[in-house]
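This is structure-v9.cif. It holds mmCIF, C-alpha atoms.
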data_structure
loop_
_atom_site.label_atom_id
_atom_site.label_comp_id
_atom_site.auth_asym_id
_atom_site.auth_seq_id
_atom_site.Cartn_x
_atom_site.Cartn_y
_atom_site.Cartn_z
CA MET A 195 -7.83 17.24 -9.65
CA ASP A 196 -7.68 14.31 -7.40
CA SER A 197 -5.36 14.10 -4.47
CA ALA A 198 -5.41 10.37 -4.01
CA ASN A 199 -5.09 10.10 -0.29
CA GLY A 200 -5.71 7.00 1.71
CA SER A 201 -4.04 3.64 1.47
CA GLU A 202 -3.80 0.55 3.53
CA GLU A 203 -0.62 1.81 5.08
CA ASP A 204 -2.33 4.89 6.37
CA ALA A 205 -3.96 3.06 9.20
CA LEU A 206 -0.58 2.00 10.50
CA TRP A 207 0.96 5.34 10.05
CA GLY A 208 1.14 7.63 13.03
CA ASN A 209 2.55 11.09 12.93
CA ASP A 210 5.92 11.36 11.34
CA ASP A 211 8.45 13.58 12.92
CA ASP A 212 6.83 15.09 15.91
CA GLY A 213 7.83 14.51 19.47
CA GLY A 214 4.55 14.14 21.30
CA GLN A 215 3.44 17.57 22.34
CA TRP A 216 4.42 19.06 19.03
CA SER A 217 2.11 16.75 17.19
CA HIS A 218 0.08 18.11 14.35
CA GLN A 219 -2.71 16.81 12.22
CA ASP A 220 -0.78 16.06 9.10
CA LEU A 221 -2.63 13.70 6.87
CA PRO A 222 -0.97 10.39 6.32
CA ASN A 223 -0.70 9.73 2.64
CA ASP A 224 1.49 8.03 0.08
CA VAL A 225 4.00 10.85 0.20
CA GLU A 226 4.58 10.29 3.91
CA VAL A 227 4.71 6.53 3.43
CA LEU A 228 7.22 6.82 0.61
CA LYS A 229 9.33 9.18 2.69
CA ARG A 230 9.46 6.65 5.51
CA ILE A 231 10.20 3.79 3.11
CA TRP A 232 13.03 5.81 1.56
CA ARG A 233 14.47 6.58 4.97
CA ASN A 234 14.29 2.93 5.98
CA GLU A 235 15.93 1.82 2.76
CA LYS A 236 18.69 4.39 3.10
CA SER A 237 19.44 3.51 6.71
CA ALA A 238 19.24 -0.27 6.48
CA PRO A 239 22.46 -2.04 5.52
CA GLU A 240 20.73 -4.68 3.40
CA ILE A 241 18.25 -4.30 0.58
CA LEU A 242 14.63 -4.26 1.77
CA GLY A 243 11.55 -5.53 0.00
CA TYR A 244 10.48 -3.52 -3.03
CA GLU A 245 7.28 -1.59 -2.41
CA THR A 246 5.55 -2.57 -5.63
CA LEU A 247 2.09 -1.23 -4.87
CA LEU A 248 3.28 1.98 -3.30
CA VAL A 249 5.59 2.81 -6.20
CA GLU A 250 2.81 2.03 -8.64
CA ARG A 251 0.39 4.33 -6.83
CA VAL A 252 2.94 7.12 -6.59
CA ARG A 253 3.75 6.80 -10.29
CA GLU A 254 0.05 6.99 -11.13
CA GLN A 255 -0.40 10.05 -8.98
CA ILE A 256 2.53 11.81 -10.59
CA ALA A 257 1.27 10.96 -14.08
CA LEU A 258 -2.24 12.08 -13.23
CA MET A 259 -1.04 15.33 -11.74
CA GLU A 260 1.17 16.09 -14.72
CA GLU A 261 -1.71 15.34 -17.06
CA ASN A 262 -3.99 17.65 -15.12
CA LEU A 263 -1.41 20.40 -15.00
CA ALA A 264 -0.96 20.21 -18.74
CA ALA A 265 -4.71 20.30 -19.26
CA TYR A 266 -5.44 23.14 -16.86
CA ALA A 267 -2.26 25.15 -17.30
CA GLU A 268 -4.19 27.86 -19.13
CA SER A 269 -6.82 28.37 -16.46
CA LEU A 270 -4.44 28.38 -13.47
CA ASP A 271 -2.55 31.47 -12.48
CA ASP A 272 1.23 31.34 -12.41
CA VAL A 273 1.53 31.11 -8.67
CA MET A 274 -0.82 28.18 -8.32
CA LEU A 275 0.79 26.44 -11.24
CA SER A 276 4.26 26.79 -9.75
CA LEU A 277 3.01 25.48 -6.39
CA PHE A 278 1.48 22.44 -8.04
CA GLU A 279 4.69 21.84 -9.91
CA MET A 280 6.66 21.99 -6.69
CA ASP A 281 4.36 19.39 -5.19
CA VAL A 282 4.93 17.01 -8.12
CA ASN A 283 8.67 17.68 -8.17
CA ARG A 284 9.03 16.90 -4.50
CA LEU A 285 7.34 13.56 -4.97
CA MET A 286 9.42 12.78 -8.02
CA PHE A 287 12.57 13.57 -6.07
CA LEU A 288 11.47 11.18 -3.35
CA LEU A 289 10.66 8.41 -5.81
CA ARG A 290 14.00 8.82 -7.57
CA ALA A 291 15.89 8.89 -4.31
CA TYR A 292 14.19 5.65 -3.28
CA LEU A 293 14.91 3.85 -6.54
CA ARG A 294 18.47 5.17 -6.58
CA VAL A 295 19.43 4.07 -3.13
CA ARG A 296 18.16 0.61 -4.06
CA LEU A 297 20.21 0.58 -7.24
CA SER A 298 23.34 1.53 -5.34
CA LYS A 299 22.76 -1.39 -2.97
CA ILE A 300 22.06 -3.73 -5.86
CA GLU A 301 25.35 -2.77 -7.50
CA LYS A 302 27.24 -3.15 -4.26
CA PHE A 303 25.82 -6.53 -3.32
CA ALA A 304 24.84 -7.85 -6.76
CA LEU A 305 26.58 -11.21 -6.45
CA HIS A 306 25.32 -11.76 -2.94
CA ILE A 307 21.75 -10.84 -3.85
CA MET A 308 21.73 -13.12 -6.88
CA ARG A 309 22.88 -16.06 -4.81
CA THR A 310 20.35 -15.56 -2.05
CA ALA A 311 16.80 -16.40 -3.07
CA GLU A 312 15.30 -14.42 -0.23
CA LEU A 313 17.08 -11.25 -1.29
CA TRP A 314 16.49 -11.87 -4.98
CA ASP A 315 12.77 -11.93 -4.32
CA ARG A 316 12.96 -8.48 -2.75
CA LEU A 317 13.82 -6.93 -6.11
CA SER A 318 11.30 -5.71 -8.64
CA ALA A 319 11.32 -7.32 -12.08
CA GLN A 320 13.20 -4.34 -13.49
CA GLU A 321 15.71 -4.44 -10.67
CA GLN A 322 16.28 -8.15 -11.25
CA GLU A 323 16.97 -7.43 -14.88
CA TYR A 324 19.32 -4.64 -13.89
CA ALA A 325 21.16 -6.84 -11.40
CA GLN A 326 21.51 -9.63 -13.95
CA LYS A 327 22.91 -7.31 -16.59
CA PHE A 328 25.16 -5.63 -14.07
CA VAL A 329 26.67 -8.95 -13.05
CA ASP A 330 27.09 -9.98 -16.69
CA VAL A 331 28.96 -6.79 -17.50
CA LEU A 332 30.99 -6.99 -14.33
CA SER A 333 32.11 -10.58 -14.90
CA LYS A 334 32.99 -9.86 -18.51
CA HIS A 335 35.02 -6.87 -17.45
CA MET A 336 36.74 -8.76 -14.65
CA HIS A 337 37.50 -11.64 -16.98
CA ASP A 338 38.84 -9.46 -19.78
CA SER A 339 40.93 -7.21 -17.61
CA VAL A 340 42.32 -9.46 -14.90
CA LEU A 341 40.89 -12.87 -14.19
CA GLY A 342 41.30 -14.26 -17.71
CA LYS A 343 45.01 -13.62 -17.49
CA LEU A 344 45.47 -15.46 -14.22
CA GLU A 345 46.02 -19.15 -13.66
CA LYS A 346 43.04 -21.42 -13.44
CA ALA A 347 43.18 -21.62 -9.65
CA TYR A 348 42.77 -17.87 -9.34
CA ASP A 349 40.37 -16.99 -12.11
CA SER A 350 37.13 -17.04 -10.15
CA MET A 351 35.24 -13.86 -9.47
CA VAL A 352 33.73 -15.23 -6.27
CA LYS A 353 36.73 -16.96 -4.71
CA GLN A 354 40.17 -15.69 -3.91
CA ALA A 355 41.62 -19.01 -4.94
CA ALA A 356 40.30 -22.41 -5.90
CA SER A 357 41.38 -23.59 -2.47
CA SER A 358 39.04 -21.16 -0.70
CA GLU A 359 36.28 -23.03 1.02
CA GLU A 360 33.81 -20.21 0.83
CA ASN A 361 32.97 -17.61 -1.74
CA ASP A 362 35.19 -15.11 -0.03
CA MET A 363 35.15 -12.49 -2.73
CA ILE A 364 31.44 -11.76 -2.48
CA VAL A 365 30.58 -8.53 -0.71
CA GLU A 366 27.83 -8.93 1.84
CA PRO A 367 26.06 -6.26 3.83
CA GLN A 368 27.24 -5.78 7.40
CA LEU A 369 24.20 -6.70 9.47
CA ASP A 370 25.96 -6.18 12.78
CA THR A 371 25.92 -2.50 12.25
CA TYR A 372 23.92 -0.06 14.33
CA VAL A 373 20.88 1.89 13.25
CA PHE A 374 18.94 4.80 14.67
CA CYS A 375 15.35 3.79 14.97
CA ARG A 376 12.08 4.83 16.43
CA SER A 377 9.42 2.43 17.61
CA LYS A 378 6.02 3.19 16.19
CA THR A 379 4.10 0.91 18.50
CA ALA A 380 4.63 -0.26 22.05
CA VAL A 381 6.79 -3.25 21.21
CA GLY A 382 7.52 -3.69 24.90
CA SER A 383 10.45 -5.65 26.15
CA PHE A 384 12.48 -6.71 23.15
CA GLN A 385 15.28 -9.25 23.12
CA LEU A 386 18.50 -8.13 21.50
CA ASP A 387 20.48 -11.37 21.63
CA ASP A 388 19.82 -15.08 21.39
CA LYS A 389 20.26 -15.70 25.07
CA GLY A 390 17.76 -13.19 26.36
CA ASP A 391 20.30 -11.34 28.46
CA GLU A 392 20.04 -8.11 26.60
CA THR A 393 16.63 -6.62 26.39
CA VAL A 394 15.33 -3.17 25.73
CA ASP A 395 11.92 -1.67 26.39
CA LEU A 396 10.72 -0.16 23.16
CA MET A 397 8.19 2.57 23.78
CA PRO A 398 6.27 4.37 21.04
CA ASN A 399 8.03 7.41 19.61
CA ASP A 400 11.26 6.82 21.51
CA LEU A 401 14.51 6.99 19.63
CA TYR A 402 17.15 4.28 20.01
CA ILE A 403 20.45 3.16 18.60
CA LEU A 404 20.22 -0.60 18.20
CA ARG A 405 22.10 -3.32 16.42
CA TYR A 406 20.44 -3.95 13.07
CA ARG A 407 20.40 -7.75 13.06
CA PRO A 408 18.03 -8.29 15.99
CA VAL A 409 15.60 -5.55 14.97
CA ARG A 410 15.37 -6.27 11.26
CA GLY A 411 12.24 -8.35 11.87
CA LEU A 412 10.55 -5.38 13.51
CA LEU A 413 11.21 -3.39 10.38
CA GLY A 414 9.40 -6.03 8.36
CA THR A 415 6.34 -5.88 10.59
CA ASP A 416 6.39 -2.09 10.46
CA SER A 417 6.83 -1.79 14.24
CA ILE A 418 9.85 0.47 13.96
CA GLU A 419 11.16 2.98 11.48
CA LEU A 420 14.73 3.98 10.82
CA VAL A 421 15.76 7.61 10.99
CA MET B 161 24.11 9.43 -4.12
CA ALA B 162 25.96 12.08 -2.27
CA GLY B 163 26.84 11.19 1.27
CA GLN B 164 26.76 7.50 0.63
CA GLY B 165 30.25 6.26 0.17
CA PRO B 166 30.78 2.53 -0.23
CA SER B 167 31.64 1.77 3.38
CA GLU B 168 29.98 4.70 5.10
CA PRO B 169 27.11 4.12 7.45
CA ALA B 170 24.02 5.49 5.78
CA LEU B 171 24.05 9.22 6.08
CA PHE B 172 21.60 11.79 4.92
CA THR B 173 23.00 14.97 3.48
CA GLU B 174 22.02 18.19 5.15
CA LEU B 175 19.83 18.95 2.18
CA GLU B 176 18.06 15.64 2.50
CA VAL B 177 17.35 16.27 6.17
CA GLU B 178 16.11 19.71 5.22
CA PHE B 179 13.89 18.17 2.56
CA MET B 180 12.24 16.02 5.22
CA ALA B 181 11.77 19.02 7.49
CA GLU B 182 10.00 20.89 4.72
CA ASP B 183 6.95 18.71 5.24
CA GLU B 184 6.50 19.92 8.81
CA PRO B 185 3.49 22.19 9.35
CA VAL B 186 3.68 25.94 9.67
CA ASN B 187 0.99 28.57 10.12
CA ILE B 188 0.78 31.30 7.54
CA ILE B 189 -1.39 34.39 7.16
CA PRO B 190 -2.25 34.75 3.49
CA ASN B 191 -2.74 38.18 1.98
CA VAL B 192 -4.48 36.85 -1.10
CA ARG B 193 -7.58 34.88 -1.89
CA MET B 194 -6.80 31.50 -3.41
CA ASP B 195 -8.80 28.33 -3.94
CA THR B 196 -7.98 25.09 -2.18
CA LEU B 197 -4.86 23.44 -3.55
CA HIS B 198 -5.59 19.77 -4.15
CA MET B 199 -2.08 18.43 -4.09
CA ILE B 200 -0.66 14.94 -4.00
CA CYS B 201 0.66 15.59 -0.52
CA GLY B 202 -2.72 16.83 0.70
CA ASP B 203 -5.39 19.49 0.32
CA TYR B 204 -4.53 22.98 1.50
CA GLY B 205 -6.76 26.00 1.53
CA PRO B 206 -8.95 27.77 0.68
CA PHE B 207 -6.77 30.78 1.41
CA ARG B 208 -8.46 33.97 2.60
CA PRO B 209 -6.67 37.22 3.41
CA GLN B 210 -5.77 37.53 7.11
CA ILE B 211 -7.16 34.10 7.99
CA PRO B 212 -4.34 31.93 9.41
CA ILE B 213 -4.01 28.47 7.94
CA THR B 214 -1.63 25.53 8.40
CA VAL B 215 0.41 24.37 5.42
CA PRO B 216 3.61 22.37 4.94
CA LEU B 217 6.74 24.44 5.41
CA TRP B 218 7.80 24.20 1.76
CA LEU B 219 4.43 25.53 0.65
CA GLY B 220 4.49 28.34 3.18
CA ILE B 221 7.97 29.38 2.12
CA ALA B 222 7.09 29.16 -1.57
CA MET B 223 4.10 31.45 -0.98
CA LYS B 224 6.18 33.76 1.17
CA LYS B 225 8.77 34.06 -1.59
CA ARG B 226 5.99 35.09 -3.94
CA SER B 227 4.74 37.60 -1.34
CA LYS B 228 1.44 35.81 -0.92
CA CYS B 229 1.59 35.45 2.84
CA ARG B 230 3.50 36.07 5.98
CA ILE B 231 4.66 33.35 8.35
CA GLN B 232 3.27 33.05 11.84
CA PRO B 233 6.30 32.18 13.97
CA PRO B 234 5.71 28.85 15.74
CA GLY B 235 5.15 29.08 19.48
CA TRP B 236 8.37 27.30 20.36
CA MET B 237 10.35 29.93 18.45
CA SER B 238 9.32 32.80 20.70
CA VAL B 239 12.04 34.51 22.73
CA GLU B 240 10.33 33.57 26.00
CA ARG B 241 9.99 29.91 25.11
CA LEU B 242 13.53 29.63 23.76
CA THR B 243 14.97 31.37 26.81
CA GLU B 244 13.14 28.88 28.96
CA VAL B 245 14.38 25.94 26.89
CA LEU B 246 17.96 27.20 27.04
CA GLU B 247 17.78 27.56 30.80
CA MET B 248 16.40 24.06 31.18
CA GLU B 249 18.99 22.64 28.81
CA ARG B 250 21.66 24.18 31.01
CA GLU B 251 20.08 23.08 34.26
CA ALA B 252 19.58 19.47 33.25
CA PRO B 253 22.89 18.10 32.01
CA ARG B 254 21.43 14.62 31.63
CA GLU B 255 18.44 15.26 29.44
CA PHE B 256 17.33 17.04 26.33
CA GLN B 257 14.37 19.36 26.24
CA PRO B 258 11.55 18.45 23.89
CA LEU B 259 11.80 20.47 20.70
CA PRO B 260 10.42 19.58 17.28
CA PHE B 261 12.42 16.73 15.76
CA HIS B 262 13.43 19.08 12.96
CA TYR B 263 13.88 22.20 15.05
CA VAL B 264 17.26 23.11 13.57
CA GLU B 265 16.09 22.93 9.98
CA ILE B 266 12.71 24.56 10.59
CA ALA B 267 14.38 27.47 12.37
CA LYS B 268 16.96 27.86 9.62
CA LEU B 269 14.37 27.76 6.84
CA LEU B 270 12.13 30.26 8.58
CA LEU B 271 14.88 32.66 9.52
CA ASP B 272 16.40 32.49 6.05
CA ASN B 273 13.15 33.07 4.25
CA ALA B 274 10.88 34.98 6.58
CA ARG B 275 13.24 36.89 8.81
CA GLU B 276 11.08 39.99 8.93
CA ASP B 277 8.14 37.99 10.28
CA PHE B 278 10.00 37.51 13.55
CA GLU B 279 9.90 40.37 16.00
CA ASN B 280 13.25 39.63 17.61
CA ASN B 281 14.88 37.67 14.87
CA TYR B 282 18.37 38.45 16.09
CA MET B 283 17.57 37.29 19.61
CA VAL B 284 15.78 34.17 18.34
CA GLN B 285 18.75 33.22 16.21
CA SER B 286 21.24 33.71 19.00
CA LEU B 287 19.15 31.72 21.48
CA LEU B 288 18.85 28.90 18.97
CA GLU B 289 22.60 28.87 18.45
CA ASP B 290 23.13 28.62 22.20
CA ILE B 291 20.60 25.82 22.55
CA LYS B 292 22.27 23.94 19.70
CA ASP B 293 25.68 24.31 21.36
CA VAL B 294 24.52 23.24 24.80
CA ARG B 295 22.79 20.21 23.34
CA TRP B 296 25.72 19.20 21.20
CA ASP B 297 28.00 19.47 24.19
CA LYS B 298 25.76 16.96 25.97
CA VAL B 299 25.86 14.64 22.98
CA GLU B 300 29.66 14.71 23.01
CA LYS B 301 29.78 14.03 26.73
CA GLY B 302 27.28 11.21 26.26
CA LEU B 303 29.40 9.66 23.54
CA LYS B 304 32.29 9.36 25.96
CA THR B 305 30.29 6.93 28.03
CA LEU B 306 29.78 4.51 25.14
CA SER B 307 31.42 1.22 25.94
CA GLY B 308 31.91 -2.23 24.60
CA ARG B 309 28.87 -3.55 26.39
CA THR B 310 26.50 -0.92 25.10
CA HIS B 311 23.68 -2.77 23.43
CA ALA B 312 21.04 -0.13 23.28
CA VAL B 313 21.23 3.59 23.50
CA LYS B 314 18.10 5.55 24.15
CA LEU B 315 18.07 9.06 22.79
CA LYS B 316 15.11 10.90 24.16
CA ASN B 317 14.25 14.17 22.43
CA LEU B 318 17.30 14.16 20.19
CA SER B 319 16.68 16.02 16.94
CA ALA B 320 17.15 14.96 13.33
CA MET B 321 20.22 17.07 12.69
CA GLU B 322 21.84 15.93 15.91
CA VAL B 323 21.18 12.31 15.03
CA ASN B 324 22.61 12.81 11.59
CA ARG B 325 25.68 14.55 12.92
CA MET B 326 26.55 11.89 15.48
CA ARG B 327 25.67 8.97 13.21
CA THR B 328 28.93 8.20 11.45
CA PHE B 329 31.10 8.30 14.54
CA THR B 330 28.66 6.50 16.83
CA VAL B 331 27.89 3.71 14.41
CA ARG B 332 31.58 3.13 13.71
CA ALA B 333 32.40 3.06 17.39
CA LEU B 334 29.60 0.66 18.28
CA GLN B 335 30.48 -1.56 15.32
CA SER B 336 34.07 -1.83 16.50
CA PHE B 337 33.04 -2.52 20.08
CA PHE B 338 30.72 -5.24 18.89
CA LYS B 339 33.32 -6.77 16.60
CA HIS B 340 36.04 -6.89 19.24
CA ASP B 341 33.66 -8.19 21.87
CA ASN B 342 32.74 -11.01 19.59
CA ASP B 343 36.37 -11.74 18.81
CA ASP B 344 36.90 -12.09 22.56
CA MET B 345 33.98 -14.45 22.79
CA MET B 346 35.38 -16.56 20.00
CA LYS B 347 38.68 -16.89 21.81
CA GLN B 348 37.09 -17.83 25.08
CA THR B 349 34.67 -20.30 23.62
CA PRO B 350 36.25 -23.65 22.81
CA THR B 351 33.64 -24.65 20.22
CA ASP B 352 33.04 -21.39 18.53
CA SER B 353 30.93 -22.85 15.77
CA ASP B 354 27.93 -23.50 18.01
CA SER B 355 28.62 -21.04 20.76
CA GLN B 356 24.95 -20.23 21.09
CA SER B 357 23.66 -23.70 21.70
CA THR B 358 26.20 -25.27 24.02
CA PRO B 359 25.38 -24.81 27.68
CA THR B 360 29.03 -24.28 28.63
CA SER B 361 29.47 -21.29 26.42
CA SER B 362 26.19 -19.69 27.32
CA ASP B 363 27.19 -20.03 30.97
CA ARG B 364 30.45 -18.40 30.31
CA LEU B 365 29.84 -14.87 29.15
CA PRO B 366 26.26 -13.69 29.27
CA ARG B 367 26.26 -13.05 32.98
CA VAL B 368 29.04 -10.60 32.55
CA CYS B 369 27.15 -9.13 29.64
CA SER B 370 23.95 -8.62 31.53
CA GLN B 371 25.69 -7.14 34.50
CA ASP B 372 27.51 -4.73 32.31
CA PHE B 373 24.39 -3.98 30.44
CA PHE B 374 22.70 -2.80 33.56
CA THR B 375 25.62 -0.93 34.95
CA ARG B 376 27.24 0.67 32.00
CA SER B 377 24.83 0.91 29.15
CA PHE B 378 21.94 1.61 31.43
CA ASP B 379 23.95 4.46 32.81
CA PHE B 380 24.32 5.81 29.38
CA THR B 381 20.64 5.43 28.73
CA PHE B 382 20.05 7.29 31.91
CA TYR B 383 22.61 9.83 30.96
CA LEU B 384 21.21 10.77 27.63
CA CYS B 385 17.54 10.61 28.32
CA MET B 386 17.08 10.47 32.08
#

When written as structure tokens, how does the structure in this file appear?
Amino acid sequence: MDSANGSEEDALWGNDDDGGQWSHQDLPNDVEVLKRIWRNEKSAPEILGYETLLVERVREQIALMEENLAAYAESLDDVMLSLFEMDVNRLMFLLRAYLRVRLSKIEKFALHIMRTAELWDRLSAQEQEYAQKFVDVLSKHMHDSVLGKLEKAYDSMVKQAASSEENDMIVEPQLDTYVFCRSKTAVGSFQLDDKGDETVDLMPNDLYILRYRPVRGLLGTDSIELV
Amino acid sequence: MAGQGPSEPALFTELEVEFMAEDEPVNIIPNVRMDTLHMICGDYGPFRPQIPITVPLWLGIAMKKRSKCRIQPPGWMSVERLTEVLEMEREAPREFQPLPFHYVEIAKLLLDNAREDFENNYMVQSLLEDIKDVRWDKVEKGLKTLSGRTHAVKLKNLSAMEVNRMRTFTVRALQSFFKHDNDDMMKQTPTDSDSQSTPTSSDRLPRVCSQDFFTRSFDFTFYLCM
């Protein structure tokens, strides 16, 4: 059996949840990476980029492991078999949790995501299909149940009234929320506002509560992780 | 998913936090001979009777449940070490002692599943409860010092469960502070559309901001982490 360790992310990946002196030599692998990605996705208010390669690798590893287990089930004793199954199940749970938290965000912000190219590109092909269908069903339902029965000026799903200047019925994520995050690298002095009056010194492994909007870039460059 | 209401700040359920803690390492002493387990999450083994080995917590507990090993209590869970930590937690009202990020969950999992592997399990449990209480008391006191000009809060040595427990309230509070602060700014700035670019508006408030940042929020930083 092959435990496919090692990926490009590994190099960037320090220890996960230890606080310095408690550090241990746990091997960075796709499971750890997926766990971090899931945590980031769950903690971030907006939808983050889909981890195509990672999900692909994890899927392959699960499939391979299940194949092997089926093939060697006879020769393994019950204890070992159940331990291997636990390993696979844990990873499957993680993968599902990741995909699910994304789906819940897609449903919540479907209209907003579809109207913002940058966000739309963060979805996988399947997620885009899901979002499209979701919006189709939603608009049909809204039309049939309420909007179709209202006057022309009030029958839009994205505007309160025809006189609204903006699409004020579209739910957008609240980016001025606060997140708990840990810096993975020495980011150093980091500016929290446009004027440069609020700065914070981000040291590796330290935990902070920061406003999401200014630090979202750091999440993209993998300098911080959300907890 | 559970724990994720529509307008709630992201929150992990206790079980999800526990799930994450289950990947933390633990030393076990196997009583059986078993080949190396080549798992997706890593290679563990080979297991030899009486030879200690480090495995993820979930694996250790699974083997323990099947009577294949006993758990070696981690060093920080000894009565001496915990007594020391508790004393220091009490002595230093402005800082948290370093414990594993998942200390609450690790301790719970180990005491639930391998109680007999701890010499003074009753004592250990009671010390842990006290440490948890003292620490939470500090968190609550720290929260009182949150103010409208808090831009960054540093939480040194805070644990996963503590973070998760204070998350909803703290995030809500900071969100409201931020929102009302910005409402104030809007009112005070004549041209609110480009408040960031006009020199008049940037002269107006930031100085107050920065001063407050260094007095109030820095205090809080100091308070919670030293």

Subject >> Gap from atom CA of A:Gly382 to atom CA of A:Ile418 - Å, one decimal >> reply: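 About the pair atom CA of A:Gly382 and atom CA of A:Ile418: they are 11.9 Å apart.
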
Subject >> Residue neighbourhood A:Leu401, 9 Å, only C-alpha atoms, exclusion window fewer than 5 positions, as a VMD selection string >> reply: (chain A and resid 374 to 377 396 421) or (chain B and resid 313 to 318)

Subject >> Length of the atom CA of B:Glu300 to atom CA of A:Leu404 vector [Å] >> reply: 18.6 Å

Original post:
Rounded to one decimal in Å, what is the spacing between atom CA of B:Glu174 and atom CA of B:Leu217?
Top reply: 16.5 Å

**OP:** Translate the PyMOL selection byres ((chain A and resi 407) around 12), as applied to the file shown, into an explicit residue set as number ranges by chain.
**Re:** A: 238-240, 367-373, 385-388, 404-406, 408-413; B: 311

Residues from last step as file, C-alpha atoms, as a PDB file, in the frame of the given file:
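Output file again03.pdb is given in full below:
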ATOM      1  CA  ALA A 238      19.240  -0.270   6.480  1.00  0.00           C
ATOM      2  CA  PRO A 239      22.460  -2.040   5.520  1.00  0.00           C
ATOM      3  CA  GLU A 240      20.730  -4.680   3.400  1.00  0.00           C
ATOM      4  CA  PRO A 367      26.060  -6.260   3.830  1.00  0.00           C
ATOM      5  CA  GLN A 368      27.240  -5.780   7.400  1.00  0.00           C
ATOM      6  CA  LEU A 369      24.200  -6.700   9.470  1.00  0.00           C
ATOM      7  CA  ASP A 370      25.960  -6.180  12.780  1.00  0.00           C
ATOM      8  CA  THR A 371      25.920  -2.500  12.250  1.00  0.00           C
ATOM      9  CA  TYR A 372      23.920  -0.060  14.330  1.00  0.00           C
ATOM     10  CA  VAL A 373      20.880   1.890  13.250  1.00  0.00           C
ATOM     11  CA  GLN A 385      15.280  -9.250  23.120  1.00  0.00           C
ATOM     12  CA  LEU A 386      18.500  -8.130  21.500  1.00  0.00           C
ATOM     13  CA  ASP A 387      20.480 -11.370  21.630  1.00  0.00           C
ATOM     14  CA  ASP A 388      19.820 -15.080  21.390  1.00  0.00           C
ATOM     15  CA  LEU A 404      20.220  -0.600  18.200  1.00  0.00           C
ATOM     16  CA  ARG A 405      22.100  -3.320  16.420  1.00  0.00           C
ATOM     17  CA  TYR A 406      20.440  -3.950  13.070  1.00  0.00           C
ATOM     18  CA  PRO A 408      18.030  -8.290  15.990  1.00  0.00           C
ATOM     19  CA  VAL A 409      15.600  -5.550  14.970  1.00  0.00           C
ATOM     20  CA  ARG A 410      15.370  -6.270  11.260  1.00  0.00           C
ATOM     21  CA  GLY A 411      12.240  -8.350  11.870  1.00  0.00           C
ATOM     22  CA  LEU A 412      10.550  -5.380  13.510  1.00  0.00           C
ATOM     23  CA  LEU A 413      11.210  -3.390  10.380  1.00  0.00           C
TER      24      LEU A 413
ATOM     25  CA  HIS B 311      23.680  -2.770  23.430  1.00  0.00           C
TER      26      HIS B 311
END

Subject >> Residues returned when the PyMOL selection byres ((chain A and resi 324) around 12) runs on this file, as a list in words >> reply: Arg296, Leu297, Ser298, Lys299, Ile300, Glu301, Ala304, Met308, Trp314, Leu317, Ser318, Ala319, Gln320, Glu321, Gln322, Glu323, Ala325, Gln326, Lys327, Phe328, Val329, Asp330, Val331 and Leu332 of chain A

Subject >> Neighbour list for stretch 189-192 of chain B as a list in words, cut-off 8 Å, only C-alpha atoms, skip fewer than 2 positions in-chain >> reply: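 Listing them by chain and then by number gives Asn187, Met194, Phe207, Arg208, Pro209, Gln210, Ile211, Pro212, Ile213, Lys228, Cys229, Arg230, Ile231 and Gln232 of chain B.
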
Subject >> Neighbour list for stretch 326-334 of chain B as a ChimeraX atom specification, cut-off 7 Å, only C-alpha atoms, skip fewer than 3 positions in-chain >> reply: /A:371-372 /B:169,322-323,337-338

Point (34.2, -13.2, -15.1), cut-off 12 Å, counting all atoms listed in the file, residues as a compact mmCIF listing (two decimals) with C-alpha atoms, in the coordinates of the input:
# COMPACT_ATOMS: atom_id res chain seq x y z
CA LEU A 305 26.58 -11.21 -6.45
CA PHE A 328 25.16 -5.63 -14.07
CA VAL A 329 26.67 -8.95 -13.05
CA ASP A 330 27.09 -9.98 -16.69
CA VAL A 331 28.96 -6.79 -17.50
CA LEU A 332 30.99 -6.99 -14.33
CA SER A 333 32.11 -10.58 -14.90
CA LYS A 334 32.99 -9.86 -18.51
CA HIS A 335 35.02 -6.87 -17.45
CA MET A 336 36.74 -8.76 -14.65
CA HIS A 337 37.50 -11.64 -16.98
CA ASP A 338 38.84 -9.46 -19.78
CA SER A 339 40.93 -7.21 -17.61
CA VAL A 340 42.32 -9.46 -14.90
CA LEU A 341 40.89 -12.87 -14.19
CA GLY A 342 41.30 -14.26 -17.71
CA LYS A 343 45.01 -13.62 -17.49
CA LEU A 344 45.47 -15.46 -14.22
CA TYR A 348 42.77 -17.87 -9.34
CA ASP A 349 40.37 -16.99 -12.11
CA SER A 350 37.13 -17.04 -10.15
CA MET A 351 35.24 -13.86 -9.47
CA VAL A 352 33.73 -15.23 -6.27
CA LYS A 353 36.73 -16.96 -4.71

**OP:** Compare B:Arg193, B:Lys304, B:His262, B:Arg254 by their minimum atom-to-atom distance to B:Met180, counting all atoms listed in the file, and give me the closest one.
**Re:** B:His262

Can you write out as CSV which residues of stretch 266-322 of chain A fall within 12 Å of stretch 255-261 of chain A, alongside each residue's closest atom pair and its distance in Å to one decimal, counting all atoms listed in the file and ordering rows by chain and ascending residue number?
residue,atom,partner,partner_atom,distance
A:Tyr266,CA,A:Glu261,CA,8.6
A:Ala267,CA,A:Glu261,CA,9.8
A:Leu275,CA,A:Glu260,CA,10.9
A:Phe278,CA,A:Met259,CA,8.4
A:Glu279,CA,A:Glu260,CA,8.3
A:Met280,CA,A:Met259,CA,11.4
A:Asp281,CA,A:Met259,CA,9.4
A:Val282,CA,A:Ile256,CA,6.2
A:Asn283,CA,A:Ile256,CA,8.8
A:Arg284,CA,A:Ile256,CA,10.3
A:Leu285,CA,A:Ile256,CA,7.6
A:Met286,CA,A:Ile256,CA,7.4
A:Phe287,CA,A:Ile256,CA,11.2
A:Leu288,CA,A:Ile256,CA,11.5
A:Leu289,CA,A:Ile256,CA,10.0
